[in-house]
Amino acid sequence: MVNDMLTSKQRAYLRGIASTYETIFQIGKGGVTETMCRDIGEALRKRELIKLRVLENSGYTAREAADAIAAATGSDVVQVIGSKFVLFKRNEKDPVIENIPKVK
């Protein structure tokens with residue numbers, strides 16, 4: 001399902017970075033769509049780490065939306081808190097985030 005799972009150290013590092021980020025996508029009553037996943041995939045390619053939010057009328061929990069979008073975009077779910085969640089996908093060609101702890 002997901003490329004290579006993040007370690008807890010990597011997750012903690014990425015959570016720290018994401019804590020300062022603004023939410024750039026909202027999942028509303030249209031739910032998770034192919035077009036939305038394509039746009040999210042593009043944002044992940046440019047930024048690697050993005051924060052999203054699920055609106056009450058979406059019919060999804062944040063966990064369900066995070067898992068569905070992660071599966072569709074090949075990204076990792078870094079964290080889910082309340083109605084927000086954070087996704088990460090490494091850009092191998094042009095990495096954006098530096099100093100991510102290495103996998104042992």
# chains A, B, ... in the order shown; residues from 1 in each chain; ligands from 1
>>> select_by_dssp(residues="chain A", states="helix (DSSP H, G or I)", output="PyMOL selection string")
chain A and resi 8-18+34-47+56-58+62-73
>>> select_by_dssp(residues="chain A", states="strand (DSSP E or B)", output="ChimeraX atom specification")
/A:23-27,49-54,76-81,84-88
>>> residues_around(residues="range 89-95 of chain A", least_positions_apart="5", cutoff="8 Å", atoms="only C-alpha atoms", output="PDB file with C-alpha atoms, in the first residue's frame")
ATOM      1  CA  LEU A  44       3.314  16.544  -2.327  1.00  0.00           C
ATOM      2  CA  ARG A  45       5.770  16.516  -5.241  1.00  0.00           C
ATOM      3  CA  LYS A  46       6.521  20.214  -4.690  1.00  0.00           C
ATOM      4  CA  GLU A  48       6.815  16.696   0.311  1.00  0.00           C
ATOM      5  CA  LEU A  49       4.865  17.485   3.489  1.00  0.00           C
ATOM      6  CA  GLY A  74       1.569   6.687  -2.587  1.00  0.00           C
ATOM      7  CA  SER A  75       2.305   8.889   0.417  1.00  0.00           C
ATOM      8  CA  ASP A  76       2.712   8.182   4.135  1.00  0.00           C
TER       9      ASP A  76
END
>>> atom_distance(atom1="CA of Thr35 in chain A", atom2="CA of Leu52 in chain A")
15.3 Å
>>> closest_residue(among="A:Ser83, A:Thr33, A:Gln10, A:Asn99", to="Ala68 in chain A", atoms="only C-alpha atoms")
A:Thr33
>>> residues_around(residues="Asp67 in chain A", least_positions_apart="4", cutoff="8 Å", atoms="only C-alpha atoms", output="short mmCIF file (atom, residue, chain, number, x, y, z; two decimals) with N, CA, C and O atoms, in the first residue's frame")
data_model
loop_
_atom_site.label_atom_id
_atom_site.label_comp_id
_atom_site.auth_asym_id
_atom_site.auth_seq_id
_atom_site.Cartn_x
_atom_site.Cartn_y
_atom_site.Cartn_z
N ARG A 63 -8.98 9.97 9.75
CA ARG A 63 -8.20 8.75 9.52
C ARG A 63 -8.59 8.10 8.19
O ARG A 63 -7.74 7.69 7.41
N ALA A 71 -3.15 6.17 0.10
CA ALA A 71 -3.15 5.03 -0.83
C ALA A 71 -3.18 5.52 -2.28
O ALA A 71 -2.46 5.00 -3.13
N VAL A 77 1.05 8.57 5.87
CA VAL A 77 0.33 9.38 6.85
C VAL A 77 1.28 9.62 8.01
O VAL A 77 1.75 8.67 8.64
#
>>> residues_around(residues="Thr23 in chain A", least_positions_apart="6", cutoff="8 Å", atoms="only C-alpha atoms", output="list in words")
Ile50, Lys51, Leu52 and Arg53 of chain A
>>> write_last_selection(atoms="N, CA, C and O atoms", output="CSV table (one decimal), in the first residue's frame")
chain,number,residue,atom,x,y,z
A,50,ILE,N,2.5,18.0,3.6
A,50,ILE,CA,1.3,18.9,3.5
A,50,ILE,C,0.3,18.5,4.6
A,50,ILE,O,0.3,17.4,5.1
A,51,LYS,N,-0.4,19.6,5.0
A,51,LYS,CA,-1.4,19.4,6.1
A,51,LYS,C,-2.8,19.5,5.4
A,51,LYS,O,-3.0,20.4,4.6
A,52,LEU,N,-3.7,18.6,5.8
A,52,LEU,CA,-5.0,18.7,5.2
A,52,LEU,C,-6.1,18.6,6.3
A,52,LEU,O,-5.7,18.3,7.5
A,53,ARG,N,-7.3,19.0,6.0
A,53,ARG,CA,-8.4,19.0,7.0
A,53,ARG,C,-9.6,18.4,6.4
A,53,ARG,O,-10.0,18.6,5.3
>>> closest_residue(among="A:Val103, A:Leu87, A:Val78, A:Cys37", to="Ala12 in chain A", atoms="only C-alpha atoms")
A:Val78
>>> closest_residue(among="A:Lys102, A:Leu55, A:Ile69, A:Ile97", to="Gly28 in chain A", atoms="only C-alpha atoms")
A:Leu55
>>> closest_residue(among="A:Thr61, A:Thr7, A:Thr20, A:Gln26", to="Asp39 in chain A", atoms="only C-alpha atoms")
A:Gln26
>>> closest_residue(among="A:Ile24, A:Asn57, A:Ile40, A:Gln79", to="Ser8 in chain A", atoms="only C-alpha atoms")
A:Gln79
